[in-house]
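Below is one structure, written out as structure tokens; comments come after it.
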Amino acid sequence: MAHREALVTPCYVLDKAVAQRNATAMLDRAAALGCALRPHVKTHKTLEGALLQTGGRRSGIVVSTLAEAEYFADGGFDDILYAVCITPEKFLRVEALVGRLGKMHIAVDQAGQLERVVKYLEGRKAAAPDAFKKWSVCVMVDCGYHREGLDPDLPESLALVQQIAVHGELLEFFGIYTHGGNSYDARSAEEVRRYAVAERDAVSGFAAKIRGAGLDVPVVGVGSTPTCSHPPADGLGGVTEMHPGNYITYDAMQCAIGACGIEDVAVRVLTRIVAVYPHRKTILIDLGWTGCSCQGADHHYGVLTSHPELQVRVFKQESGEVEAKPGVEVDWAKYQVGDVLELAPWHSCAAGAAHPTVVIEEGGEQVGEWVPCRGW
């Protein structure tokens, strides 16, 4: 075991006990709601973190890059959903994953994407019919976030699902998936639940339309960390899967939304004091936006949990400036060069992506490192 004095800053630290508690709570919540939990693993991008989220099983996860899909496949995971609408230059890599995994799923939300997939698979099946394996296709649904996903109320949306069935010799219909990213606009648990209701109703209603057309819907999935932390009070009727991700670490943004408390944030970015300037009432630290991202600038990039009287004023590339919170008088002499400050980052997905390793702590001691997947 090692102490923090030996750590080179800036660095990214995870409290394993808190992450385990968060993971267990979400598994229990999904079970109570009658849903499977298919966790998104992009927040940490590590085998160890994914195993906490799944409760130890190496199957049933969501990824946001093909590099992640390949990394987790190499780590023995199966049943992987790549929840970004597919583009043609990725077909060869998807084909390799389909061939090596029991279940690999891609996503589409419009006819142009599906047409390219069908054309590619027609050629592959004609070239090697005995080696051909069907592709599993998930349809993304817009529940009000408007980032991606088809409009469940438009007639062409049902037609897209029907086209998957038409090409049953090439494709299998995985089901439907939505992400209530608009829940990040909430600022209370009550507001989050309103978004959760809209998320649930969008996919359960669309699933009913698909079934009304005579087609099965194997999976009906919802998920954002806020909406899965505070699901609808009347449950998730019609939903079969939840796919949140950030909850394993949470972050300062989730605290502001009302999804968690600061005690649930499992990660910190550690930084050291480089210089103290009492005449300017600022402290220079060795952490900039390259070690935490620029997200949350309006919220001081997170919360300095080790020094609640202070806040980050600004991040530059490799350094940052810290100041006292408004109305707080501080004794600048008590801050010394080399002192460690702990920042609960505004967005842990972005902060974690800045670091080559995650330092794992248990009981205040460093017990190891996790090495995240990188690339696309």
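Chain labels run A, B, ... following the order of the structure tokens; each chain numbers its residues from 1, and ligands are numbered from 1 in the order shown.
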
With range 241-247 of chain A as the partner and 10 Å as the cut-off, tabulate the residues of range 68-181 of chain A that qualify, each row holding the nearest pair of atoms and their distance in Å to one decimal, using only C-alpha atoms, sorted by chain and rising number, as a Markdown table.
| residue | atom | partner | partner_atom | distance |
| --- | --- | --- | --- | --- |
| A:Ile176 | CA | A:Glu241 | CA | 9.9 |
| A:Tyr177 | CA | A:Glu241 | CA | 8.8 |
| A:Thr178 | CA | A:His243 | CA | 9.1 |
| A:His179 | CA | A:His243 | CA | 8.4 |
| A:Gly180 | CA | A:Pro244 | CA | 9.8 |

Saved selection, atoms kept: C-alpha atoms, as an mmCIF file, in the first residue's frame:
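Produced file selection.cif, reproduced below:
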data_model
loop_
_atom_site.group_PDB
_atom_site.id
_atom_site.type_symbol
_atom_site.label_atom_id
_atom_site.label_comp_id
_atom_site.auth_asym_id
_atom_site.auth_seq_id
_atom_site.Cartn_x
_atom_site.Cartn_y
_atom_site.Cartn_z
ATOM 1 C CA ILE A 176 -35.297 -0.253 -28.773
ATOM 2 C CA TYR A 177 -33.141 2.038 -26.668
ATOM 3 C CA THR A 178 -33.417 5.607 -25.443
ATOM 4 C CA HIS A 179 -31.209 7.915 -23.421
ATOM 5 C CA GLY A 180 -32.858 10.641 -21.355
#

Please, which residues in range 128-177 of chain A fall within 12 Å of range 211-229 of chain A when counting only C-alpha atoms, and what is the closest atom pair and distance in Å to one decimal for each, ordered by chain then residue number, as JSON lines?
{"residue": "A:Ser136", "atom": "CA", "partner": "A:Pro218", "partner_atom": "CA", "distance": 11.3}
{"residue": "A:Val137", "atom": "CA", "partner": "A:Val219", "partner_atom": "CA", "distance": 11.1}
{"residue": "A:Cys138", "atom": "CA", "partner": "A:Val219", "partner_atom": "CA", "distance": 8.8}
{"residue": "A:Val139", "atom": "CA", "partner": "A:Val220", "partner_atom": "CA", "distance": 9.9}
{"residue": "A:Met140", "atom": "CA", "partner": "A:Gly221", "partner_atom": "CA", "distance": 9.6}
{"residue": "A:Val141", "atom": "CA", "partner": "A:Val222", "partner_atom": "CA", "distance": 9.6}
{"residue": "A:Asp142", "atom": "CA", "partner": "A:Val222", "partner_atom": "CA", "distance": 10.7}
{"residue": "A:Cys143", "atom": "CA", "partner": "A:Val222", "partner_atom": "CA", "distance": 9.4}
{"residue": "A:Tyr145", "atom": "CA", "partner": "A:Ser224", "partner_atom": "CA", "distance": 11.0}
{"residue": "A:Pro155", "atom": "CA", "partner": "A:Ala213", "partner_atom": "CA", "distance": 11.8}
{"residue": "A:Leu158", "atom": "CA", "partner": "A:Ala213", "partner_atom": "CA", "distance": 8.5}
{"residue": "A:Ala159", "atom": "CA", "partner": "A:Ala213", "partner_atom": "CA", "distance": 9.9}
{"residue": "A:Val161", "atom": "CA", "partner": "A:Leu215", "partner_atom": "CA", "distance": 8.7}
{"residue": "A:Gln162", "atom": "CA", "partner": "A:Leu215", "partner_atom": "CA", "distance": 8.0}
{"residue": "A:Gln163", "atom": "CA", "partner": "A:Leu215", "partner_atom": "CA", "distance": 11.2}
{"residue": "A:Ile164", "atom": "CA", "partner": "A:Leu215", "partner_atom": "CA", "distance": 10.4}
{"residue": "A:Ala165", "atom": "CA", "partner": "A:Leu215", "partner_atom": "CA", "distance": 8.0}
{"residue": "A:Val166", "atom": "CA", "partner": "A:Leu215", "partner_atom": "CA", "distance": 11.0}
{"residue": "A:Gly168", "atom": "CA", "partner": "A:Leu215", "partner_atom": "CA", "distance": 11.9}
{"residue": "A:Glu172", "atom": "CA", "partner": "A:Pro218", "partner_atom": "CA", "distance": 10.2}
{"residue": "A:Phe173", "atom": "CA", "partner": "A:Val217", "partner_atom": "CA", "distance": 7.6}
{"residue": "A:Phe174", "atom": "CA", "partner": "A:Pro218", "partner_atom": "CA", "distance": 6.2}
{"residue": "A:Gly175", "atom": "CA", "partner": "A:Val219", "partner_atom": "CA", "distance": 4.4}
{"residue": "A:Ile176", "atom": "CA", "partner": "A:Val220", "partner_atom": "CA", "distance": 5.2}
{"residue": "A:Tyr177", "atom": "CA", "partner": "A:Gly221", "partner_atom": "CA", "distance": 4.6}

Selection to disk with C-alpha atoms, as a PDB file, in the first residue's frame:
ATOM      1  CA  SER A 136     -28.277  -7.704 -34.249  1.00  0.00           C
ATOM      2  CA  VAL A 137     -29.750  -4.221 -34.713  1.00  0.00           C
ATOM      3  CA  CYS A 138     -31.012  -1.876 -32.002  1.00  0.00           C
ATOM      4  CA  VAL A 139     -33.238   1.080 -32.899  1.00  0.00           C
ATOM      5  CA  MET A 140     -32.535   4.321 -31.055  1.00  0.00           C
ATOM      6  CA  VAL A 141     -35.559   6.329 -29.899  1.00  0.00           C
ATOM      7  CA  ASP A 142     -35.740  10.042 -29.079  1.00  0.00           C
ATOM      8  CA  CYS A 143     -37.488  10.651 -25.749  1.00  0.00           C
ATOM      9  CA  TYR A 145     -33.311  14.808 -25.701  1.00  0.00           C
ATOM     10  CA  PRO A 155     -44.971   6.653 -39.276  1.00  0.00           C
ATOM     11  CA  LEU A 158     -42.364   2.010 -37.362  1.00  0.00           C
ATOM     12  CA  ALA A 159     -41.397   1.452 -40.990  1.00  0.00           C
ATOM     13  CA  VAL A 161     -38.360  -1.489 -37.552  1.00  0.00           C
ATOM     14  CA  GLN A 162     -40.435  -3.286 -40.182  1.00  0.00           C
ATOM     15  CA  GLN A 163     -37.506  -3.062 -42.608  1.00  0.00           C
ATOM     16  CA  ILE A 164     -35.328  -4.905 -40.123  1.00  0.00           C
ATOM     17  CA  ALA A 165     -37.909  -7.698 -40.122  1.00  0.00           C
ATOM     18  CA  VAL A 166     -38.074  -7.686 -43.926  1.00  0.00           C
ATOM     19  CA  GLY A 168     -34.606 -11.246 -41.500  1.00  0.00           C
ATOM     20  CA  GLU A 172     -32.090  -9.667 -36.015  1.00  0.00           C
ATOM     21  CA  PHE A 173     -34.102  -7.021 -34.164  1.00  0.00           C
ATOM     22  CA  PHE A 174     -32.488  -6.409 -30.755  1.00  0.00           C
ATOM     23  CA  GLY A 175     -35.138  -3.967 -29.549  1.00  0.00           C
ATOM     24  CA  ILE A 176     -35.297  -0.253 -28.773  1.00  0.00           C
ATOM     25  CA  TYR A 177     -33.141   2.038 -26.668  1.00  0.00           C
TER      26      TYR A 177
END

Neighbours of Trp332 in chain A within 9 Å (only C-alpha atoms; same-chain residues fewer than 5 positions away dropped), as a compact mmCIF listing (two decimals) with N, CA, C and O atoms, in the first residue's frame?
# COMPACT_ATOMS: atom_id res chain seq x y z
N VAL A 276 1.43 30.32 -3.76
CA VAL A 276 0.37 31.06 -3.07
C VAL A 276 0.66 32.55 -3.24
O VAL A 276 1.79 33.00 -3.02
N TYR A 277 -0.35 33.32 -3.62
CA TYR A 277 -0.20 34.76 -3.87
C TYR A 277 -1.18 35.53 -2.99
O TYR A 277 -2.28 35.90 -3.44
N PRO A 278 -0.84 35.77 -1.72
CA PRO A 278 -1.76 36.46 -0.82
C PRO A 278 -2.19 37.83 -1.34
O PRO A 278 -3.35 38.24 -1.13
N LYS A 281 -4.72 37.12 -3.70
CA LYS A 281 -5.75 36.26 -3.13
C LYS A 281 -6.05 35.08 -4.05
O LYS A 281 -7.21 34.72 -4.29
N THR A 282 -4.97 34.48 -4.57
CA THR A 282 -5.11 33.31 -5.42
C THR A 282 -4.05 32.27 -5.08
O THR A 282 -3.01 32.58 -4.48
N ILE A 283 -4.33 31.05 -5.48
CA ILE A 283 -3.41 29.93 -5.37
C ILE A 283 -3.24 29.33 -6.77
O ILE A 283 -4.23 29.14 -7.49

### Query
Within 12 Å of Glu362 in chain A, counting only C-alpha atoms, which residues qualify if same-chain residues fewer than 6 places away don't, as an MDAnalysis selection string?
chainID A and resid 1:3 13:20 266 368:369

### Task
Pick out the residues sitting within 9 Å of Ala73 in chain A, and hand them over as a ChimeraX atom specification; count only C-alpha atoms, and ignore anything fewer than 6 positions along from it in its own chain.
/A:80,97,100-101

### Task
Write down as a ChimeraX atom specification the residues of range 67-247 of chain A whose backbone DSSP state falls under helix (DSSP H, G or I).
/A:67-74,88-100,111-127,155-166,181-185,189-212,225-229,246-247

Long-range neighbours of range 339-349 of chain A as an mmCIF file with N, CA, C and O atoms, in the first residue's frame, 6 Å cut-off, only C-alpha atoms, 6 positions minimum in chain:
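So the final result, stored in around.cif, reads:
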data_model
loop_
_atom_site.group_PDB
_atom_site.id
_atom_site.type_symbol
_atom_site.label_atom_id
_atom_site.label_comp_id
_atom_site.auth_asym_id
_atom_site.auth_seq_id
_atom_site.Cartn_x
_atom_site.Cartn_y
_atom_site.Cartn_z
ATOM 1 N N THR A 43 -17.889 5.653 -18.645
ATOM 2 C CA THR A 43 -17.407 6.579 -17.621
ATOM 3 C C THR A 43 -15.991 6.226 -17.183
ATOM 4 O O THR A 43 -15.148 7.106 -17.013
ATOM 5 N N ASP A 251 -20.618 12.473 -9.880
ATOM 6 C CA ASP A 251 -19.733 13.634 -9.996
ATOM 7 C C ASP A 251 -20.475 14.860 -9.481
ATOM 8 O O ASP A 251 -21.632 14.774 -9.035
ATOM 9 N N ALA A 252 -19.813 16.012 -9.541
ATOM 10 C CA ALA A 252 -20.418 17.236 -9.005
ATOM 11 C C ALA A 252 -21.653 17.645 -9.793
ATOM 12 O O ALA A 252 -22.587 18.226 -9.234
ATOM 13 N N MET A 253 -21.666 17.348 -11.091
ATOM 14 C CA MET A 253 -22.849 17.668 -11.894
ATOM 15 C C MET A 253 -24.046 16.858 -11.420
ATOM 16 O O MET A 253 -25.166 17.388 -11.316
ATOM 17 N N ARG A 268 -11.927 11.640 -7.343
ATOM 18 C CA ARG A 268 -11.345 12.962 -7.126
ATOM 19 C C ARG A 268 -10.176 13.136 -8.094
ATOM 20 O O ARG A 268 -9.457 12.175 -8.391
ATOM 21 N N VAL A 269 -10.006 14.364 -8.560
ATOM 22 C CA VAL A 269 -8.775 14.727 -9.240
ATOM 23 C C VAL A 269 -7.897 15.400 -8.194
ATOM 24 O O VAL A 269 -8.308 16.385 -7.566
ATOM 25 N N LEU A 270 -6.722 14.841 -7.966
ATOM 26 C CA LEU A 270 -5.803 15.404 -6.981
ATOM 27 C C LEU A 270 -4.856 16.374 -7.667
ATOM 28 O O LEU A 270 -4.354 16.113 -8.763
ATOM 29 N N THR A 271 -4.609 17.495 -7.023
ATOM 30 C CA THR A 271 -3.701 18.514 -7.535
ATOM 31 C C THR A 271 -2.908 19.088 -6.372
ATOM 32 O O THR A 271 -3.337 19.002 -5.223
ATOM 33 N N ARG A 272 -1.751 19.666 -6.683
ATOM 34 C CA ARG A 272 -0.922 20.256 -5.629
ATOM 35 C C ARG A 272 -0.795 21.761 -5.817
ATOM 36 O O ARG A 272 -0.850 22.278 -6.937
ATOM 37 N N ILE A 273 -0.603 22.418 -4.688
ATOM 38 C CA ILE A 273 -0.340 23.853 -4.714
ATOM 39 C C ILE A 273 1.064 24.090 -5.246
ATOM 40 O O ILE A 273 2.044 23.512 -4.764
ATOM 41 N N GLY A 296 -18.101 22.519 -16.929
ATOM 42 C CA GLY A 296 -18.444 23.007 -15.604
ATOM 43 C C GLY A 296 -17.742 24.282 -15.197
ATOM 44 O O GLY A 296 -17.659 24.593 -14.000
ATOM 45 N N TYR A 301 -15.805 24.069 -12.094
ATOM 46 C CA TYR A 301 -15.231 22.798 -12.537
ATOM 47 C C TYR A 301 -15.450 21.653 -11.552
ATOM 48 O O TYR A 301 -14.921 20.567 -11.740
ATOM 49 N N GLY A 302 -16.217 21.876 -10.523
ATOM 50 C CA GLY A 302 -16.460 20.851 -9.525
ATOM 51 C C GLY A 302 -16.403 21.426 -8.117
ATOM 52 O O GLY A 302 -16.589 22.632 -7.915
ATOM 53 N N VAL A 303 -16.110 20.570 -7.154
ATOM 54 C CA VAL A 303 -16.115 20.958 -5.742
ATOM 55 C C VAL A 303 -14.787 20.560 -5.117
ATOM 56 O O VAL A 303 -14.378 19.391 -5.176
ATOM 57 N N LEU A 304 -14.111 21.517 -4.508
ATOM 58 C CA LEU A 304 -12.877 21.233 -3.775
ATOM 59 C C LEU A 304 -13.263 20.683 -2.402
ATOM 60 O O LEU A 304 -13.366 21.411 -1.417
ATOM 61 N N THR A 305 -13.487 19.383 -2.360
ATOM 62 C CA THR A 305 -14.024 18.767 -1.148
ATOM 63 C C THR A 305 -13.036 18.825 0.015
ATOM 64 O O THR A 305 -13.451 18.820 1.181
ATOM 65 N N SER A 306 -11.751 18.860 -0.272
ATOM 66 C CA SER A 306 -10.756 18.918 0.798
ATOM 67 C C SER A 306 -10.656 20.304 1.426
ATOM 68 O O SER A 306 -10.193 20.449 2.555
#

### Message
Between CA of Gly34 in chain A and CA of Leu236 in chain A, what is the distance in Å, rounded to a tenth?
### Response
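Going from CA of Gly34 in chain A over to CA of Leu236 in chain A covers 7.9 Å.
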